[in-house]
Amino acid sequence: MMATIGLWLAMPEPLVVEAAGRTRPDWVGLDLQHGGWDLTTAFRAIQLLDALGVPAVVRVSEQDLALMPRLLDHGASGVIVAMASSTALVEEAVRRARYQPEGIRSYGGQRYGMREAPAAASEIRPEVYPMIEDRRGVEDIAAITRVKGIAGLHIGPVDLGLGLGVGRDDPRYGDVLRTILAAGHAARLPVTMHAVKPEEAGKWIEMGFDELVLIADIELLRNAFTAGVTQLRSR
């Protein structure tokens with residue numbers, strides 16, 4: 001099975017959003033945790049991606065779970081919950097993404113009635129992805145995968161290494177990745193690796209990851225500028 005591909009955007013620029021959407025990725029991530037987005041720019045990006053037929057997935061921090069319903073109302077296909085270290089946090093995120101009686105999300109229409117919606121609001125089930133990034137998340141991984149309503153797991157590779165206290169080249173780091181993969185696949189959940197350089201993709205696919213997220217737009221742009229300037233100066 002071919003891994004799906006997500007693009008990751010930190011810059012709240014419509015032209016960047018359009019350029020990403022027109023490459024036809026499987027989805028585009030908007031990073032409200034570390035990127036330059038606010039609600040207004042995120043709403044506009046979601047609308048643009050919706051018009052291009054590309055799902056938008058938004059990453060939020062634990063402190064911003066209250067923003068989830070508004071992002072979903074405006075058309076986000078799902079939410080990635082950063083630093084998902086406990087089942088309680090993941091369960092709270094799912095509740096905020098579901099209408100009554102399963103959740104606590106208030107009904108505000110699907111972009112005020114401008115997006116097609118099922119006849120029954122209970123059928124609207126946006127995707128919720130816990131992001132495993134610390135030791136506690138790894139220790140609780142089996143319980144997290146049993147939370148009803150999650151759509152998969154994401155891995156934050158840098159924070160995970162910091163939380164474990166090991167480098168990403170350390171064999172113990174690879175062992176932890178395999179532990180997360182095994183837990184996700186045992187629960188029939190896809191597992192996504194973030195911050196992937198194109199040349200690393202083969203390694204992650206071989207390890208068993210189901211989805212890959214290309215490094216952020218600003219990193220790609222910086223790398224391209226650096227390569228161009230270095231090449232010119234070398235001449």
# chains A, B, ... in the order shown; residues from 1 in each chain; ligands from 1
call {"tool": "residues_around", "arguments": {"residues": "Asp134 (chain A)", "least_positions_apart": "6", "cutoff": "9 Å", "atoms": "only C-alpha atoms", "output": "VMD selection string"}}
result
chain A and resid 83 to 85 156 159 to 164
call {"tool": "write_last_selection", "arguments": {"atoms": "N, CA and C atoms", "output": "PDB file, in the first residue's frame"}}
result
ATOM      1  N   MET A  83       1.097  16.993  21.627  1.00  0.00           N
ATOM      2  CA  MET A  83       1.454  16.518  22.967  1.00  0.00           C
ATOM      3  C   MET A  83       0.314  15.743  23.626  1.00  0.00           C
ATOM      4  N   ALA A  84      -0.226  14.777  22.893  1.00  0.00           N
ATOM      5  CA  ALA A  84      -1.331  13.970  23.418  1.00  0.00           C
ATOM      6  C   ALA A  84      -0.768  12.933  24.379  1.00  0.00           C
ATOM      7  N   SER A  85      -0.618  13.320  25.627  1.00  0.00           N
ATOM      8  CA  SER A  85       0.098  12.506  26.607  1.00  0.00           C
ATOM      9  C   SER A  85      -0.795  11.618  27.454  1.00  0.00           C
ATOM     10  N   GLY A 156       5.467  13.230  16.518  1.00  0.00           N
ATOM     11  CA  GLY A 156       6.300  14.421  16.438  1.00  0.00           C
ATOM     12  C   GLY A 156       7.739  14.006  16.719  1.00  0.00           C
ATOM     13  N   ASP A 159      10.223  16.388  19.260  1.00  0.00           N
ATOM     14  CA  ASP A 159       9.811  16.384  20.662  1.00  0.00           C
ATOM     15  C   ASP A 159       9.887  14.988  21.258  1.00  0.00           C
ATOM     16  N   LEU A 160       9.592  13.967  20.459  1.00  0.00           N
ATOM     17  CA  LEU A 160       9.671  12.606  20.974  1.00  0.00           C
ATOM     18  C   LEU A 160      11.098  12.283  21.403  1.00  0.00           C
ATOM     19  N   GLY A 161      12.073  12.656  20.584  1.00  0.00           N
ATOM     20  CA  GLY A 161      13.465  12.436  20.959  1.00  0.00           C
ATOM     21  C   GLY A 161      13.853  13.194  22.199  1.00  0.00           C
ATOM     22  N   LEU A 162      13.380  14.449  22.319  1.00  0.00           N
ATOM     23  CA  LEU A 162      13.667  15.239  23.519  1.00  0.00           C
ATOM     24  C   LEU A 162      13.043  14.589  24.756  1.00  0.00           C
ATOM     25  N   GLY A 163      11.809  14.121  24.601  1.00  0.00           N
ATOM     26  CA  GLY A 163      11.129  13.516  25.730  1.00  0.00           C
ATOM     27  C   GLY A 163      11.773  12.222  26.185  1.00  0.00           C
ATOM     28  N   LEU A 164      12.317  11.480  25.238  1.00  0.00           N
ATOM     29  CA  LEU A 164      12.966  10.214  25.580  1.00  0.00           C
ATOM     30  C   LEU A 164      14.404  10.413  26.047  1.00  0.00           C
TER      31      LEU A 164
END
call {"tool": "select_by_dssp", "arguments": {"residues": "region 32-230 of chain A", "states": "strand (DSSP E or B)", "output": "PyMOL selection string"}}
result
chain A and resi 56-60+78-81+99+105+127-132+153-155+191-196+211-214
call {"tool": "closest_atom_pairs", "arguments": {"of": "region 54-88 of chain A", "to": "region 93-102 of chain A", "cutoff": "8 Å", "atoms": "only C-alpha atoms", "output": "Markdown table"}}
result
| residue | atom | partner | partner_atom | distance |
| --- | --- | --- | --- | --- |
| A:Leu65 | CA | A:Ala93 | CA | 6.6 |
| A:Ala66 | CA | A:Arg96 | CA | 7.6 |
| A:Met68 | CA | A:Arg96 | CA | 6.7 |
| A:Pro69 | CA | A:Ala97 | CA | 6.3 |
| A:Leu72 | CA | A:Ala97 | CA | 7.6 |
| A:Val81 | CA | A:Ala93 | CA | 7.5 |
call {"tool": "atom_distance", "arguments": {"atom1": "CA of Leu39 (chain A)", "atom2": "CA of Leu9 (chain A)"}}
result
14.4 Å
call {"tool": "closest_residue", "arguments": {"among": "A:Ile5, A:Ala151, A:Val128, A:Ala10", "to": "Leu89 (chain A)", "atoms": "only C-alpha atoms"}}
result
A:Val128
call {"tool": "residues_around", "arguments": {"residues": "region 212-225 of chain A", "least_positions_apart": "6", "cutoff": "12 Å", "atoms": "only C-alpha atoms", "output": "JSON, numbers by chain"}}
result
{"A": [2, 3, 4, 5, 6, 7, 8, 9, 10, 11, 12, 13, 15, 16, 17, 19, 20, 25, 26, 27, 28, 29, 30, 31, 34, 35, 36, 57, 153, 154, 155, 156, 157, 190, 191, 192, 193, 194, 195, 196, 197, 198, 199, 200, 201, 202, 203, 204, 205, 206, 231, 232]}
call {"tool": "residues_around", "arguments": {"residues": "Tyr112 (chain A)", "least_positions_apart": "3", "cutoff": "10 Å", "atoms": "only C-alpha atoms", "output": "ChimeraX atom specification"}}
result
/A:73-74,108-109,115
call {"tool": "atom_distance", "arguments": {"atom1": "CA of Gly103 (chain A)", "atom2": "CA of Ser122 (chain A)"}}
result
9.7 Å
call {"tool": "closest_residue", "arguments": {"among": "A:Tyr107, A:Trp37, A:Tyr173, A:Phe43", "to": "Arg135 (chain A)", "atoms": "only C-alpha atoms"}}
result
A:Tyr173
call {"tool": "closest_residue", "arguments": {"among": "A:Met114, A:Leu71, A:Ile141, A:Leu189", "to": "Val90 (chain A)", "atoms": "only C-alpha atoms"}}
result
A:Ile141
call {"tool": "closest_residue", "arguments": {"among": "A:Ala142, A:Val54, A:Ile104, A:Met131", "to": "Ala82 (chain A)", "atoms": "only C-alpha atoms"}}
result
A:Met131
call {"tool": "closest_residue", "arguments": {"among": "A:Lys148, A:Arg178, A:Arg59, A:Arg44", "to": "Thr87 (chain A)", "atoms": "only C-alpha atoms"}}
result
A:Lys148
